[in-house]
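Here the structure is laid out as structure tokens; the discussion comes afterwards.
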Amino acid sequence: MKHLGTFAMICAVLLTLTGCEGTKEQLGLTRKVPDEFAVLKRAPLEMPPDYSLRPPEPGAPRPQEAEPEKQAEAVIFGGEKSSSVTADSAEAALLQQAGADAARPDIRRVVDQETAKIAPKEVPVAEKLLGIGSGKGDEPAASVVDAKAEAERLKKNAEEGKPVTEGETPSIEE
């Protein structure tokens, strides 16, 4: 019976320790995943143009690979443009017909002016209801409907058998 209590105590301690991250690592229960940001692309293998090359020095960087910073810069901002690529006659004719050679240098200003003339179609709810943030200081924020007068108008129309839309009805104008 005395050994059973000791065994239960050891099992409880082991179960508690397996919950700790450091213990899991020491016991080999966790898996180490490689850092995906530390992985670099390797240049493809190719035959060297000259077979009389010296063997590489151990630990020296590979000459056909760029530095990681330059690789990242080339991916983000685009690599150097090759000047050996030229447009063939069909592509040049298409670009000429499309007017690519006569592009306006001030197109950004023209687009900004045309966009400024267009009224925004989507207006925030607070601006619609309360006039908050509209930037129109001279205009009233909203028109208020007189509840008593509107109730009397609706009651009068109901007594006379007229539709609720007859008379001066409040309307929302955009």
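Chain lettering (A, B, ...) mirrors the order of the structure tokens, residue numbering begins at 1 for each chain separately, and ligand numbering begins at 1 in order of display.
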
Based on DSSP run over this structure's backbone, return all residues of region 87-171 of chain A in alpha helix (DSSP H), as a PyMOL selection string. chain A and resi 89-98+107-117+125-130+147-160

Any chance you can output those residues with N, CA and C atoms as a compact mmCIF listing (two decimals), in the first residue's frame?
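Heads up, here's the output in again_36.txt:
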```txt
# COMPACT_ATOMS: atom_id res chain seq x y z
N SER A 89 7.51 43.31 -84.59
CA SER A 89 6.74 44.25 -85.40
C SER A 89 5.25 44.23 -85.07
N ALA A 90 4.69 43.05 -84.78
CA ALA A 90 3.27 42.97 -84.46
C ALA A 90 2.97 43.68 -83.14
N GLU A 91 3.83 43.46 -82.16
CA GLU A 91 3.63 44.12 -80.87
C GLU A 91 3.80 45.63 -80.99
N ALA A 92 4.78 46.06 -81.77
CA ALA A 92 5.01 47.49 -81.97
C ALA A 92 3.83 48.13 -82.68
N ALA A 93 3.25 47.43 -83.66
CA ALA A 93 2.09 47.96 -84.38
C ALA A 93 0.88 48.07 -83.45
N LEU A 94 0.69 47.07 -82.61
CA LEU A 94 -0.43 47.10 -81.66
C LEU A 94 -0.29 48.26 -80.68
N LEU A 95 0.92 48.45 -80.15
CA LEU A 95 1.16 49.55 -79.22
C LEU A 95 0.96 50.90 -79.90
N GLN A 96 1.37 51.01 -81.16
CA GLN A 96 1.19 52.27 -81.88
C GLN A 96 -0.28 52.55 -82.12
N GLN A 97 -1.06 51.54 -82.50
CA GLN A 97 -2.50 51.73 -82.71
C GLN A 97 -3.21 52.06 -81.41
N ALA A 98 -2.73 51.53 -80.29
CA ALA A 98 -3.35 51.81 -79.00
C ALA A 98 -2.98 53.18 -78.47
N ILE A 107 -1.45 62.72 -66.88
CA ILE A 107 -2.64 61.89 -66.73
C ILE A 107 -3.08 61.77 -65.27
N ARG A 108 -2.14 61.77 -64.35
CA ARG A 108 -2.48 61.66 -62.93
C ARG A 108 -3.32 62.87 -62.49
N ARG A 109 -2.93 64.07 -62.93
CA ARG A 109 -3.67 65.28 -62.57
C ARG A 109 -5.07 65.25 -63.19
N VAL A 110 -5.18 64.80 -64.43
CA VAL A 110 -6.47 64.74 -65.11
C VAL A 110 -7.41 63.76 -64.39
N VAL A 111 -6.90 62.61 -64.02
CA VAL A 111 -7.72 61.62 -63.32
C VAL A 111 -8.17 62.15 -61.96
N ASP A 112 -7.27 62.84 -61.25
CA ASP A 112 -7.63 63.40 -59.95
C ASP A 112 -8.72 64.47 -60.09
N GLN A 113 -8.64 65.30 -61.12
CA GLN A 113 -9.67 66.33 -61.34
C GLN A 113 -11.02 65.69 -61.67
N GLU A 114 -11.01 64.68 -62.53
CA GLU A 114 -12.27 64.03 -62.90
C GLU A 114 -12.88 63.30 -61.71
N THR A 115 -12.06 62.71 -60.86
CA THR A 115 -12.56 62.00 -59.69
C THR A 115 -13.14 62.98 -58.68
N ALA A 116 -12.54 64.15 -58.56
CA ALA A 116 -13.03 65.15 -57.60
C ALA A 116 -14.41 65.66 -58.00
N LYS A 117 -14.74 65.66 -59.29
CA LYS A 117 -16.04 66.14 -59.75
C LYS A 117 -17.17 65.16 -59.43
N VAL A 125 -23.58 56.40 -42.52
CA VAL A 125 -24.90 56.49 -41.91
C VAL A 125 -24.99 57.71 -41.00
N ALA A 126 -23.95 57.95 -40.20
CA ALA A 126 -23.98 59.10 -39.29
C ALA A 126 -24.10 60.40 -40.07
N GLU A 127 -23.47 60.47 -41.24
CA GLU A 127 -23.57 61.67 -42.05
C GLU A 127 -24.96 61.82 -42.65
N LYS A 128 -25.55 60.71 -43.07
CA LYS A 128 -26.90 60.77 -43.63
C LYS A 128 -27.92 61.21 -42.59
N LEU A 129 -27.87 60.61 -41.40
CA LEU A 129 -28.88 60.87 -40.39
C LEU A 129 -28.63 62.14 -39.60
N LEU A 130 -27.39 62.35 -39.19
CA LEU A 130 -27.11 63.44 -38.28
C LEU A 130 -26.32 64.57 -38.91
N ALA A 147 -44.05 65.67 -34.96
CA ALA A 147 -44.79 64.42 -34.70
C ALA A 147 -46.28 64.68 -34.49
N LYS A 148 -46.64 65.76 -33.76
CA LYS A 148 -48.06 66.03 -33.49
C LYS A 148 -48.81 66.40 -34.76
N ALA A 149 -48.20 67.26 -35.57
CA ALA A 149 -48.85 67.68 -36.81
C ALA A 149 -48.99 66.51 -37.77
N GLU A 150 -47.99 65.65 -37.82
CA GLU A 150 -48.05 64.47 -38.70
C GLU A 150 -49.12 63.49 -38.23
N ALA A 151 -49.26 63.32 -36.91
CA ALA A 151 -50.29 62.41 -36.38
C ALA A 151 -51.68 62.96 -36.69
N GLU A 152 -51.85 64.28 -36.57
CA GLU A 152 -53.16 64.89 -36.90
C GLU A 152 -53.47 64.72 -38.37
N ARG A 153 -52.48 64.91 -39.24
CA ARG A 153 -52.70 64.76 -40.67
C ARG A 153 -53.12 63.33 -41.01
N LEU A 154 -52.42 62.34 -40.42
CA LEU A 154 -52.76 60.93 -40.68
C LEU A 154 -54.16 60.60 -40.14
N LYS A 155 -54.51 61.13 -38.97
CA LYS A 155 -55.83 60.87 -38.38
C LYS A 155 -56.92 61.48 -39.26
N LYS A 156 -56.69 62.72 -39.75
CA LYS A 156 -57.65 63.40 -40.60
C LYS A 156 -57.84 62.63 -41.91
N ASN A 157 -56.76 62.15 -42.51
CA ASN A 157 -56.87 61.37 -43.75
C ASN A 157 -57.62 60.08 -43.52
N ALA A 158 -57.40 59.43 -42.38
CA ALA A 158 -58.10 58.18 -42.08
C ALA A 158 -59.60 58.42 -41.90
N GLU A 159 -59.98 59.53 -41.24
CA GLU A 159 -61.41 59.85 -41.03
C GLU A 159 -62.10 60.16 -42.35
N GLU A 160 -61.39 60.83 -43.26
CA GLU A 160 -61.98 61.21 -44.54
C GLU A 160 -61.85 60.11 -45.59
```

In Å to one decimal, how far is CA of Glu69 (chain A) from CA of Phe37 (chain A)? 12.6 Å

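In this model, the gap between CA of Pro44 (chain A) and CA of Ile76 (chain A) comes to 20.7 Å.
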
A straight line from CA of Glu67 (chain A) to CA of Leu40 (chain A) spans 10.0 Å
